[in-house]
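Everything below belongs to protein16.tsv, which stores TSV, C-alpha atoms.
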```tsv
chain	number	residue	atom	x	y	z
A	1	MET	CA	6.57	163.06	110.90
A	2	THR	CA	6.50	165.93	113.43
A	3	GLY	CA	3.47	167.32	115.30
A	4	ARG	CA	3.49	170.56	113.32
A	5	LYS	CA	2.48	170.85	109.68
A	6	PRO	CA	5.12	172.24	107.30
A	7	ARG	CA	2.91	175.25	106.49
A	8	ALA	CA	2.59	176.11	110.18
A	9	ASP	CA	6.37	175.79	110.55
A	10	ALA	CA	6.82	178.22	107.68
A	11	ALA	CA	4.48	180.73	109.29
A	12	VAL	CA	6.34	180.45	112.60
A	13	ASN	CA	9.66	180.93	110.83
A	14	ARG	CA	8.35	183.93	108.89
A	15	ALA	CA	7.10	185.55	112.12
A	16	ALA	CA	10.45	184.85	113.82
A	17	VAL	CA	12.38	186.44	110.95
A	18	LEU	CA	10.07	189.45	110.97
A	19	ALA	CA	10.48	189.96	114.73
A	20	ALA	CA	14.26	189.52	114.49
A	21	ALA	CA	14.41	191.96	111.58
A	22	GLN	CA	12.52	194.59	113.59
A	23	ASP	CA	14.98	194.28	116.45
A	24	ALA	CA	17.97	194.24	114.12
A	25	PHE	CA	16.78	197.29	112.16
A	26	ALA	CA	16.11	199.13	115.42
A	27	ALA	CA	19.55	198.26	116.76
A	28	CYS	CA	21.67	198.57	113.62
A	29	GLY	CA	19.63	200.51	111.06
A	30	PRO	CA	18.49	199.38	107.62
A	31	ASP	CA	22.01	198.36	106.52
A	32	VAL	CA	22.15	195.36	108.87
A	33	ALA	CA	23.22	192.13	107.11
A	34	LEU	CA	20.60	189.46	106.34
A	35	ASP	CA	22.92	186.91	107.98
A	36	GLU	CA	22.70	188.87	111.24
A	37	ILE	CA	18.90	188.76	111.01
A	38	ALA	CA	19.01	184.98	110.39
A	39	ARG	CA	21.27	184.56	113.43
A	40	ARG	CA	18.88	186.59	115.64
A	41	ALA	CA	15.88	184.57	114.33
A	42	ASN	CA	17.74	181.30	114.93
A	43	VAL	CA	17.13	180.13	111.34
A	44	GLY	CA	19.44	179.55	108.36
A	45	PRO	CA	20.14	182.34	105.86
A	46	GLY	CA	18.21	180.28	103.26
A	47	THR	CA	15.03	180.56	105.35
A	48	VAL	CA	15.32	184.35	105.41
A	49	HIS	CA	15.82	184.43	101.64
A	50	ARG	CA	12.89	182.05	101.04
A	51	HIS	CA	10.44	184.31	102.89
A	52	PHE	CA	11.98	187.64	101.87
A	53	PRO	CA	13.83	187.43	98.56
A	54	SER	CA	15.47	190.86	99.01
A	55	LYS	CA	16.42	193.32	101.75
A	56	GLN	CA	13.82	195.67	100.29
A	57	ALA	CA	11.11	193.01	100.66
A	58	LEU	CA	12.09	192.48	104.30
A	59	ILE	CA	12.10	196.20	105.05
A	60	GLY	CA	8.69	196.50	103.38
A	61	ALA	CA	7.31	193.64	105.48
A	62	VAL	CA	8.64	195.11	108.73
A	63	VAL	CA	7.25	198.54	107.94
A	64	LEU	CA	3.90	197.08	106.88
A	65	ASP	CA	3.70	195.15	110.13
A	66	ARG	CA	4.37	198.25	112.26
A	67	LEU	CA	2.08	200.51	110.22
A	68	THR	CA	-0.72	197.96	110.51
A	69	GLY	CA	-0.12	197.70	114.25
A	70	LEU	CA	-0.25	201.47	114.67
A	71	ALA	CA	-3.38	201.73	112.50
A	72	ASP	CA	-5.05	199.10	114.73
A	73	VAL	CA	-4.19	201.17	117.82
A	74	ALA	CA	-5.50	204.34	116.17
A	75	GLY	CA	-8.69	202.52	115.17
A	76	ARG	CA	-9.32	201.38	118.75
A	77	LEU	CA	-8.57	204.87	120.14
A	78	ALA	CA	-11.22	206.39	117.86
A	79	GLU	CA	-13.80	205.09	120.37
A	80	ALA	CA	-11.96	206.34	123.47
A	81	ALA	CA	-13.92	208.34	126.04
A	82	ASP	CA	-11.32	211.16	126.25
A	83	PRO	CA	-10.46	212.29	122.69
A	84	GLY	CA	-7.67	214.63	123.86
A	85	ALA	CA	-5.90	211.90	125.83
A	86	ALA	CA	-6.44	209.43	122.99
A	87	PHE	CA	-4.82	211.82	120.52
A	88	THR	CA	-1.75	212.65	122.62
A	89	GLY	CA	-1.40	209.02	123.72
A	90	PHE	CA	-1.30	207.96	120.10
A	91	LEU	CA	1.27	210.63	119.21
A	92	ARG	CA	3.50	209.35	122.01
A	93	GLN	CA	3.27	205.76	120.78
A	94	LEU	CA	3.87	206.75	117.14
A	95	ALA	CA	6.87	208.95	117.88
A	96	GLY	CA	8.31	206.45	120.35
A	97	GLU	CA	8.14	203.60	117.84
A	98	ALA	CA	9.47	205.73	114.99
A	99	ALA	CA	12.37	207.09	117.03
A	100	HIS	CA	13.44	203.52	117.86
A	101	ASN	CA	12.74	202.23	114.38
A	102	ARG	CA	14.69	204.07	111.73
A	103	VAL	CA	13.10	201.90	109.05
A	104	LEU	CA	9.63	202.99	110.12
A	105	SER	CA	10.61	206.64	110.29
A	106	LEU	CA	12.05	206.30	106.79
A	107	ALA	CA	8.75	204.85	105.58
A	108	LEU	CA	6.80	207.80	107.01
A	109	GLY	CA	8.86	210.15	104.86
A	110	THR	CA	9.58	208.18	101.69
A	111	ASP	CA	8.17	205.77	99.11
A	112	LEU	CA	8.28	202.04	99.88
A	113	GLY	CA	5.80	200.62	97.36
A	114	GLU	CA	2.04	200.27	96.97
A	115	GLU	CA	1.19	198.02	99.91
A	116	VAL	CA	3.09	200.24	102.35
A	117	ALA	CA	1.54	203.33	100.76
A	118	ALA	CA	-1.95	201.86	101.32
A	119	ALA	CA	-1.14	201.06	104.97
A	120	THR	CA	0.26	204.58	105.44
A	121	ALA	CA	-2.92	206.03	103.95
A	122	THR	CA	-5.06	203.99	106.36
A	123	LEU	CA	-2.92	205.12	109.28
A	124	ARG	CA	-3.08	208.78	108.22
A	125	GLN	CA	-6.86	208.53	107.82
A	126	ARG	CA	-7.24	207.13	111.33
A	127	VAL	CA	-4.90	209.75	112.79
A	128	ALA	CA	-7.06	212.38	111.07
A	129	VAL	CA	-10.09	210.91	112.88
A	130	LEU	CA	-8.26	211.15	116.23
A	131	LEU	CA	-7.23	214.73	115.42
A	132	GLY	CA	-10.80	215.73	114.47
A	133	ARG	CA	-12.24	214.23	117.65
A	134	ALA	CA	-9.61	215.97	119.81
A	135	GLN	CA	-10.32	219.27	118.06
A	136	ARG	CA	-14.09	218.94	118.49
A	137	ALA	CA	-13.48	218.22	122.18
A	138	GLY	CA	-11.52	221.49	122.40
A	139	ALA	CA	-8.30	219.69	123.32
A	140	VAL	CA	-6.23	220.54	120.21
A	141	ARG	CA	-5.91	223.85	118.33
A	142	ALA	CA	-8.68	224.02	115.76
A	143	ASP	CA	-6.63	225.41	112.86
A	144	LEU	CA	-4.49	222.29	112.43
A	145	ASP	CA	-5.22	220.05	109.45
A	146	PRO	CA	-4.00	216.44	109.03
A	147	ALA	CA	-1.23	217.43	106.60
A	148	ASP	CA	0.10	219.99	109.10
A	149	LEU	CA	0.09	217.32	111.77
A	150	HIS	CA	1.95	214.89	109.50
A	151	ALA	CA	4.72	217.47	108.89
A	152	LEU	CA	4.97	218.20	112.62
A	153	ILE	CA	5.14	214.50	113.50
A	154	ILE	CA	7.98	213.91	111.06
A	155	GLY	CA	9.84	216.88	112.54
A	156	ILE	CA	9.35	215.64	116.08
A	157	ILE	CA	10.54	212.15	115.15
A	158	GLU	CA	13.70	213.81	113.80
A	159	ALA	CA	14.06	215.74	117.07
A	160	GLU	CA	13.51	212.59	119.16
A	161	ARG	CA	16.24	210.77	117.25
A	162	ARG	CA	18.66	213.57	118.15
A	163	LEU	CA	17.80	213.57	121.86
A	164	PRO	CA	19.81	211.39	124.25
A	165	ASP	CA	17.95	208.34	125.58
A	166	SER	CA	17.52	210.03	128.95
A	167	ARG	CA	15.48	212.81	127.27
A	168	ARG	CA	13.45	210.56	124.96
A	169	GLY	CA	9.82	211.71	124.81
A	170	LEU	CA	10.61	215.39	125.38
A	171	GLY	CA	9.89	216.23	121.73
A	172	VAL	CA	6.43	214.64	121.88
A	173	ASP	CA	5.77	216.38	125.21
A	174	VAL	CA	6.59	219.73	123.63
A	175	LEU	CA	4.52	218.91	120.55
A	176	CYS	CA	1.48	217.86	122.61
A	177	ASP	CA	1.78	220.98	124.79
A	178	GLY	CA	2.16	223.15	121.70
A	179	LEU	CA	-0.88	221.66	119.99
A	180	ARG	CA	-3.19	222.24	122.93
A	181	GLU	CA	-6.04	224.66	122.46
A	182	ARG	CA	-5.77	227.22	125.23
A	183	GLY	CA	-8.03	230.26	125.11
A	184	SER	CA	-5.71	232.43	127.18
A	185	ALA	CA	-2.59	231.40	125.27
A	186	ARG	CA	-4.23	232.26	121.91
A	187	VAL	CA	-5.31	235.67	123.20
A	188	ALA	CA	-1.88	236.41	124.64
A	189	LYS	CA	-0.24	235.45	121.36
A	190	ALA	CA	-2.59	237.51	119.23
A	191	ALA	CA	-1.92	240.50	121.50
A	192	GLY	CA	1.84	239.95	121.26
A	193	ARG	CA	1.63	240.04	117.47
A	194	GLY	CA	-0.56	243.16	117.28
H	195	MET	CA	41.76	254.47	85.36
H	196	THR	CA	38.37	254.05	87.10
H	197	GLY	CA	37.22	255.70	90.35
H	198	ARG	CA	37.24	252.40	92.28
H	199	LYS	CA	40.35	250.59	93.41
H	200	PRO	CA	40.76	247.01	92.18
H	201	ARG	CA	40.65	245.68	95.74
H	202	ALA	CA	37.31	247.44	96.38
H	203	ASP	CA	35.97	245.99	93.12
H	204	ALA	CA	37.00	242.53	94.25
H	205	ALA	CA	35.20	242.98	97.58
H	206	VAL	CA	32.07	244.16	95.77
H	207	ASN	CA	32.21	241.18	93.42
H	208	ARG	CA	32.73	238.75	96.30
H	209	ALA	CA	29.72	240.17	98.13
H	210	ALA	CA	27.62	239.98	94.94
H	211	VAL	CA	28.57	236.33	94.40
H	212	LEU	CA	27.81	235.52	98.04
H	213	ALA	CA	24.36	237.17	97.87
H	214	ALA	CA	23.59	235.47	94.53
H	215	ALA	CA	24.71	232.12	95.95
H	216	GLN	CA	22.39	232.50	98.95
H	217	ASP	CA	19.43	233.16	96.65
H	218	ALA	CA	20.40	230.35	94.29
H	219	PHE	CA	20.88	227.82	97.12
H	220	ALA	CA	17.53	228.85	98.60
H	221	ALA	CA	15.78	228.51	95.24
H	222	CYS	CA	17.53	225.43	93.84
H	223	GLY	CA	19.30	223.70	96.73
H	224	PRO	CA	23.01	222.98	97.12
H	225	ASP	CA	23.28	221.28	93.71
H	226	VAL	CA	22.80	224.52	91.75
H	227	ALA	CA	25.50	225.06	89.06
H	228	LEU	CA	28.24	227.65	89.68
H	229	ASP	CA	27.43	229.11	86.24
H	230	GLU	CA	23.89	229.85	87.43
H	231	ILE	CA	25.31	231.65	90.47
H	232	ALA	CA	27.65	233.70	88.20
H	233	ARG	CA	24.65	234.62	86.00
H	234	ARG	CA	22.63	235.75	89.03
H	235	ALA	CA	25.61	237.78	90.36
H	236	ASN	CA	26.15	239.32	86.91
H	237	VAL	CA	29.82	238.30	86.87
H	238	GLY	CA	31.80	235.83	84.75
H	239	PRO	CA	32.27	232.22	85.91
H	240	GLY	CA	35.98	233.01	86.35
H	241	THR	CA	35.15	235.60	89.01
H	242	VAL	CA	33.16	233.04	91.00
H	243	HIS	CA	36.02	230.55	90.80
H	244	ARG	CA	38.60	233.19	91.79
H	245	HIS	CA	36.77	233.98	95.03
H	246	PHE	CA	35.48	230.47	95.76
H	247	PRO	CA	37.70	227.77	94.26
H	248	SER	CA	35.13	225.00	94.92
H	249	LYS	CA	31.41	224.52	95.48
H	250	GLN	CA	32.26	223.44	99.02
H	251	ALA	CA	34.12	226.72	99.64
H	252	LEU	CA	31.11	228.69	98.41
H	253	ILE	CA	28.67	226.70	100.55
H	254	GLY	CA	30.96	227.21	103.55
H	255	ALA	CA	31.09	230.98	102.92
H	256	VAL	CA	27.30	231.26	102.57
H	257	VAL	CA	26.70	229.26	105.73
H	258	LEU	CA	29.35	231.23	107.64
H	259	ASP	CA	27.71	234.50	106.55
H	260	ARG	CA	24.25	233.40	107.73
H	261	LEU	CA	25.52	231.87	110.99
H	262	THR	CA	27.42	235.07	111.76
H	263	GLY	CA	24.32	237.12	110.97
H	264	LEU	CA	22.16	234.99	113.26
H	265	ALA	CA	24.78	235.10	116.03
H	266	ASP	CA	24.78	238.93	115.76
H	267	VAL	CA	20.99	238.99	116.14
H	268	ALA	CA	21.18	236.61	119.12
H	269	GLY	CA	23.89	238.78	120.67
H	270	ARG	CA	21.75	241.91	120.39
H	271	LEU	CA	18.67	240.11	121.76
H	272	ALA	CA	20.60	239.11	124.89
H	273	GLU	CA	20.01	242.68	126.12
H	274	ALA	CA	16.29	242.77	125.23
H	275	ALA	CA	13.86	243.94	127.91
H	276	ASP	CA	11.48	240.97	127.42
H	277	PRO	CA	13.52	237.73	127.54
H	278	GLY	CA	10.55	235.53	126.57
H	279	ALA	CA	9.74	237.56	123.47
H	280	ALA	CA	13.44	237.76	122.57
H	281	PHE	CA	13.73	233.98	122.76
H	282	THR	CA	10.67	233.15	120.67
H	283	GLY	CA	11.44	235.96	118.20
H	284	PHE	CA	14.88	234.50	117.66
H	285	LEU	CA	13.49	230.97	117.19
H	286	ARG	CA	11.14	232.34	114.51
H	287	GLN	CA	13.97	234.04	112.66
H	288	LEU	CA	16.26	231.01	112.89
H	289	ALA	CA	13.64	228.53	111.71
H	290	GLY	CA	12.41	230.88	108.98
H	291	GLU	CA	15.89	231.33	107.55
H	292	ALA	CA	16.75	227.65	107.84
H	293	ALA	CA	13.51	226.54	106.18
H	294	HIS	CA	14.27	228.77	103.24
H	295	ASN	CA	17.93	227.94	103.20
H	296	ARG	CA	18.58	224.25	102.77
H	297	VAL	CA	22.32	224.86	102.90
H	298	LEU	CA	22.00	226.48	106.30
H	299	SER	CA	19.75	223.75	107.63
H	300	LEU	CA	22.30	221.21	106.41
H	301	ALA	CA	25.03	223.08	108.30
H	302	LEU	CA	23.05	222.98	111.54
H	303	GLY	CA	22.97	219.19	111.32
H	304	THR	CA	26.28	218.25	109.73
H	305	ASP	CA	30.01	219.02	109.57
H	306	LEU	CA	31.19	221.81	107.26
H	307	GLY	CA	34.73	222.47	108.53
H	308	GLU	CA	36.40	224.33	111.40
H	309	GLU	CA	35.38	227.91	110.66
H	310	VAL	CA	31.71	226.95	110.31
H	311	ALA	CA	31.96	224.79	113.44
H	312	ALA	CA	33.33	227.79	115.38
H	313	ALA	CA	30.50	230.03	114.12
H	314	THR	CA	27.96	227.34	115.01
H	315	ALA	CA	29.46	227.11	118.50
H	316	THR	CA	29.17	230.90	118.95
H	317	LEU	CA	25.57	230.81	117.76
H	318	ARG	CA	24.68	227.91	120.06
H	319	GLN	CA	26.32	229.70	123.00
H	320	ARG	CA	24.27	232.83	122.35
H	321	VAL	CA	21.07	230.84	121.92
H	322	ALA	CA	21.85	229.20	125.28
H	323	VAL	CA	22.05	232.70	126.80
H	324	LEU	CA	18.64	233.59	125.32
H	325	LEU	CA	17.21	230.31	126.62
H	326	GLY	CA	18.61	230.88	130.12
H	327	ARG	CA	17.22	234.42	130.29
H	328	ALA	CA	13.79	233.24	129.09
H	329	GLN	CA	13.80	230.43	131.67
H	330	ARG	CA	14.80	232.76	134.52
H	331	ALA	CA	11.98	235.09	133.44
H	332	GLY	CA	9.56	232.13	133.76
H	333	ALA	CA	8.69	232.23	130.05
H	334	VAL	CA	10.15	228.86	129.01
H	335	ARG	CA	9.95	225.48	130.76
H	336	ALA	CA	12.82	225.23	133.21
H	337	ASP	CA	13.84	221.63	132.47
H	338	LEU	CA	15.05	222.34	128.92
H	339	ASP	CA	18.80	222.41	128.33
H	340	PRO	CA	20.54	223.89	125.27
H	341	ALA	CA	21.15	220.47	123.69
H	342	ASP	CA	17.44	219.62	124.01
H	343	LEU	CA	16.59	222.90	122.35
H	344	HIS	CA	19.05	222.22	119.51
H	345	ALA	CA	17.41	218.84	118.78
H	346	LEU	CA	13.94	220.42	118.86
H	347	ILE	CA	15.00	223.25	116.53
H	348	ILE	CA	16.38	220.79	113.97
H	349	GLY	CA	13.13	218.82	114.14
H	350	ILE	CA	11.01	221.93	113.67
H	351	ILE	CA	13.12	223.06	110.70
H	352	GLU	CA	12.41	219.64	109.16
H	353	ALA	CA	8.68	220.12	109.85
H	354	GLU	CA	8.70	223.64	108.38
H	355	ARG	CA	10.30	222.36	105.20
H	356	ARG	CA	7.43	219.89	104.80
H	357	LEU	CA	4.69	222.47	105.38
H	358	PRO	CA	3.20	224.29	102.38
H	359	ASP	CA	4.22	227.96	102.04
H	360	SER	CA	0.77	229.03	103.24
H	361	ARG	CA	1.43	227.27	106.58
H	362	ARG	CA	5.04	228.37	107.03
H	363	GLY	CA	5.71	229.34	110.63
H	364	LEU	CA	3.20	226.88	112.13
H	365	GLY	CA	5.98	224.58	113.35
H	366	VAL	CA	7.72	227.41	115.23
H	367	ASP	CA	4.37	228.54	116.64
H	368	VAL	CA	3.75	225.05	118.00
H	369	LEU	CA	7.31	224.81	119.32
H	370	CYS	CA	7.09	228.18	121.09
H	371	ASP	CA	3.69	227.29	122.58
H	372	GLY	CA	5.01	223.91	123.64
H	373	LEU	CA	8.09	225.37	125.32
H	374	ARG	CA	6.15	227.85	127.43
H	375	GLU	CA	6.24	227.44	131.17
H	376	ARG	CA	2.66	227.26	132.34
H	377	GLY	CA	1.99	226.31	135.94
H	378	SER	CA	-1.49	225.00	135.28
H	379	ALA	CA	-0.44	223.01	132.22
H	380	ARG	CA	2.37	221.32	134.14
H	381	VAL	CA	0.03	220.41	136.97
H	382	ALA	CA	-2.61	219.08	134.56
H	383	LYS	CA	-0.01	216.97	132.80
H	384	ALA	CA	1.45	215.57	136.00
H	385	ALA	CA	-2.06	214.63	137.11
H	386	GLY	CA	-2.79	212.97	133.76
H	387	ARG	CA	0.31	210.84	134.06
H	388	GLY	CA	-0.31	209.77	137.65
```
For this file, write the structure as structure tokens.
Amino acid sequence: MTGRKPRADAAVNRAAVLAAAQDAFAACGPDVALDEIARRANVGPGTVHRHFPSKQALIGAVVLDRLTGLADVAGRLAEAADPGAAFTGFLRQLAGEAAHNRVLSLALGTDLGEEVAAATATLRQRVAVLLGRAQRAGAVRADLDPADLHALIIGIIEAERRLPDSRRGLGVDVLCDGLRERGSARVAKAAGRG
Amino acid sequence: MTGRKPRADAAVNRAAVLAAAQDAFAACGPDVALDEIARRANVGPGTVHRHFPSKQALIGAVVLDRLTGLADVAGRLAEAADPGAAFTGFLRQLAGEAAHNRVLSLALGTDLGEEVAAATATLRQRVAVLLGRAQRAGAVRADLDPADLHALIIGIIEAERRLPDSRRGLGVDVLCDGLRERGSARVAKAAGRG
């Protein structure tokens, strides 16, 4: 008899597979072999299959884990003293994770089942809170709604994935700059259009 | 005997098919049937096939036509008196056309053969000229290179395609705002990072 209970072992193994899968998906994309994930997690292929009966189940679990993590961050930032900095800081984290995690970026744009959809909805709701606070603080242009922001984020993730590593973060920089409420910039633009 | 020469008729028909194909691709995407394009051009299916032996050939011709048109615009704007306005005006036109033209947006991101690649290279070269002029005029952030801009444009086209029609153009607005060189904004950002 070992010191650990079998159920605790299983939980440790599941967490190890999940962490290995995240790294493997980030490095190789969603087509990486389950055997490669088992190798990275230092478990047998049977252990991977026992916890995640299909590739789809594993992808769903990885995405759920990241979405939940991001939603936790967004939830904490909703109390931050500087709503503008909280908003742009969150955008940077979201885009950075998504650019390095093709599976996550896929999930932000497509359908991966009910549980992932619920986690995405929670995340979007919390991002909307951050957006509203930043707008009320005068830090972000007031005409932006959460759906606009979602479309812009997906576009910037696409841009980030096309930038070389040395330029990573430029897309989010440009997005954050472009979303800023700036009295003089608005006036100049309105004049330019007239 | 009619007043028009057969060769002139053929050119007219080819132009009609090309224009109908652009509309059909914009409305229905690249999977639209060649018969639907013939119907829109008011010619028989045989006429479409005579000018464009495959769907791929037709897509290539449509993309080439739009890329050449955009390169012409960029070429003319290289002489514009206000380099900043010329640059942002061109970005608006490019993103607007690409958002409405899924075939064109595909071509900006993927490989469609040598002739299209050459036209894309010409367009990118002319956009680089517009970028350089706008940067020298102090209108666009100086650290951006043409490859960065290309990645950002593709991202913004993706964002525009996800925005509802009522919000079309918001992505380019945000991009143009975000690319502006603004002394005070740079300083504020550098301070925020320190």
Who sits within 12 Å of Asp31 (chain A), only C-alpha atoms, same chain under 4 positions skipped, as a PyMOL selection string: chain A and resi 21+24-27+35-37+55-56+58-59+102-103
Between CA of Val73 (chain A) and CA of Ala57 (chain A) - distance in Å to one decimal: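 CA of Val73 (chain A) lies 24.4 Å from CA of Ala57 (chain A).
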Return the neighbours of chain A among the residues of chain H, cut-off 9 Å, counting all atoms listed in the file, as a PDB file with C-alpha atoms, keeping the file's coordinate frame.
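File produced: part07.pdb:
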```pdb
ATOM      1  CA  ALA H 279       9.740 237.560 123.470  1.00  0.00           C
ATOM      2  CA  LEU H 338      15.050 222.340 128.920  1.00  0.00           C
ATOM      3  CA  ALA H 341      21.150 220.470 123.690  1.00  0.00           C
ATOM      4  CA  ASP H 342      17.440 219.620 124.010  1.00  0.00           C
ATOM      5  CA  HIS H 344      19.050 222.220 119.510  1.00  0.00           C
ATOM      6  CA  ALA H 345      17.410 218.840 118.780  1.00  0.00           C
ATOM      7  CA  LEU H 346      13.940 220.420 118.860  1.00  0.00           C
ATOM      8  CA  ILE H 347      15.000 223.250 116.530  1.00  0.00           C
ATOM      9  CA  ILE H 348      16.380 220.790 113.970  1.00  0.00           C
ATOM     10  CA  GLY H 349      13.130 218.820 114.140  1.00  0.00           C
ATOM     11  CA  ILE H 350      11.010 221.930 113.670  1.00  0.00           C
ATOM     12  CA  ILE H 351      13.120 223.060 110.700  1.00  0.00           C
ATOM     13  CA  GLU H 352      12.410 219.640 109.160  1.00  0.00           C
ATOM     14  CA  ALA H 353       8.680 220.120 109.850  1.00  0.00           C
ATOM     15  CA  GLU H 354       8.700 223.640 108.380  1.00  0.00           C
ATOM     16  CA  ARG H 355      10.300 222.360 105.200  1.00  0.00           C
ATOM     17  CA  ARG H 356       7.430 219.890 104.800  1.00  0.00           C
ATOM     18  CA  LEU H 357       4.690 222.470 105.380  1.00  0.00           C
ATOM     19  CA  PRO H 358       3.200 224.290 102.380  1.00  0.00           C
ATOM     20  CA  ARG H 361       1.430 227.270 106.580  1.00  0.00           C
ATOM     21  CA  LEU H 364       3.200 226.880 112.130  1.00  0.00           C
ATOM     22  CA  GLY H 365       5.980 224.580 113.350  1.00  0.00           C
ATOM     23  CA  ASP H 367       4.370 228.540 116.640  1.00  0.00           C
ATOM     24  CA  VAL H 368       3.750 225.050 118.000  1.00  0.00           C
ATOM     25  CA  LEU H 369       7.310 224.810 119.320  1.00  0.00           C
ATOM     26  CA  CYS H 370       7.090 228.180 121.090  1.00  0.00           C
ATOM     27  CA  ASP H 371       3.690 227.290 122.580  1.00  0.00           C
ATOM     28  CA  GLY H 372       5.010 223.910 123.640  1.00  0.00           C
ATOM     29  CA  LEU H 373       8.090 225.370 125.320  1.00  0.00           C
ATOM     30  CA  ARG H 374       6.150 227.850 127.430  1.00  0.00           C
ATOM     31  CA  ALA H 379      -0.440 223.010 132.220  1.00  0.00           C
ATOM     32  CA  GLY H 386      -2.790 212.970 133.760  1.00  0.00           C
TER      33      GLY H 386
END
```
CA of Val242 (chain H) to CA of Asp259 (chain H), distance in Å rounded to a single decimal: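 Computing it gives 16.5 Å between the two atoms.
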Pick from A:Ala139, A:Gly96, A:Ala78, A:Arg50 nearest to Asp165 (chain A), counting only C-alpha atoms: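 Comparing A:Ala139, A:Gly96, A:Ala78, A:Arg50 against Asp165 (chain A), the winner is A:Gly96.
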Separation of CA of Leu261 (chain H) from CA of Val310 (chain H) in Å: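 Atom-to-atom, CA of Val310 (chain H) and CA of Leu261 (chain H) are spaced 7.9 Å apart.
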Would you mind putting back N, CA and C atoms on region 63-77 of chain A, then writing it out as a JSON list (two decimals), in the coordinates of the input?
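Result file follows (out_8.json):
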```
[["chain", "number", "residue", "atom", "x", "y", "z"],
["A", 63, "VAL", "N", 7.96, 197.26, 107.89],
["A", 63, "VAL", "CA", 7.25, 198.54, 107.94],
["A", 63, "VAL", "C", 5.75, 198.31, 107.89],
["A", 64, "LEU", "N", 5.33, 197.39, 107.01],
["A", 64, "LEU", "CA", 3.90, 197.08, 106.88],
["A", 64, "LEU", "C", 3.34, 196.57, 108.20],
["A", 65, "ASP", "N", 4.12, 195.70, 108.85],
["A", 65, "ASP", "CA", 3.70, 195.15, 110.13],
["A", 65, "ASP", "C", 3.51, 196.24, 111.18],
["A", 66, "ARG", "N", 4.46, 197.18, 111.26],
["A", 66, "ARG", "CA", 4.37, 198.25, 112.26],
["A", 66, "ARG", "C", 3.25, 199.24, 111.93],
["A", 67, "LEU", "N", 3.13, 199.57, 110.62],
["A", 67, "LEU", "CA", 2.08, 200.51, 110.22],
["A", 67, "LEU", "C", 0.70, 199.92, 110.53],
["A", 68, "THR", "N", 0.55, 198.63, 110.25],
["A", 68, "THR", "CA", -0.72, 197.96, 110.51],
["A", 68, "THR", "C", -1.00, 197.95, 112.00],
["A", 69, "GLY", "N", 0.04, 197.68, 112.80],
["A", 69, "GLY", "CA", -0.12, 197.70, 114.25],
["A", 69, "GLY", "C", -0.56, 199.06, 114.75],
["A", 70, "LEU", "N", 0.09, 200.12, 114.25],
["A", 70, "LEU", "CA", -0.25, 201.47, 114.67],
["A", 70, "LEU", "C", -1.67, 201.85, 114.22],
["A", 71, "ALA", "N", -2.04, 201.43, 113.00],
["A", 71, "ALA", "CA", -3.38, 201.73, 112.50],
["A", 71, "ALA", "C", -4.44, 201.04, 113.36],
["A", 72, "ASP", "N", -4.12, 199.80, 113.83],
["A", 72, "ASP", "CA", -5.05, 199.10, 114.73],
["A", 72, "ASP", "C", -5.24, 199.89, 116.02],
["A", 73, "VAL", "N", -4.12, 200.37, 116.58],
["A", 73, "VAL", "CA", -4.19, 201.17, 117.82],
["A", 73, "VAL", "C", -5.04, 202.42, 117.58],
["A", 74, "ALA", "N", -4.76, 203.11, 116.47],
["A", 74, "ALA", "CA", -5.50, 204.34, 116.17],
["A", 74, "ALA", "C", -6.99, 204.03, 116.00],
["A", 75, "GLY", "N", -7.30, 202.90, 115.37],
["A", 75, "GLY", "CA", -8.69, 202.52, 115.17],
["A", 75, "GLY", "C", -9.40, 202.30, 116.50],
["A", 76, "ARG", "N", -8.71, 201.61, 117.42],
["A", 76, "ARG", "CA", -9.32, 201.38, 118.75],
["A", 76, "ARG", "C", -9.50, 202.69, 119.50],
["A", 77, "LEU", "N", -8.51, 203.61, 119.39],
["A", 77, "LEU", "CA", -8.57, 204.87, 120.14],
["A", 77, "LEU", "C", -9.67, 205.80, 119.63]]
```
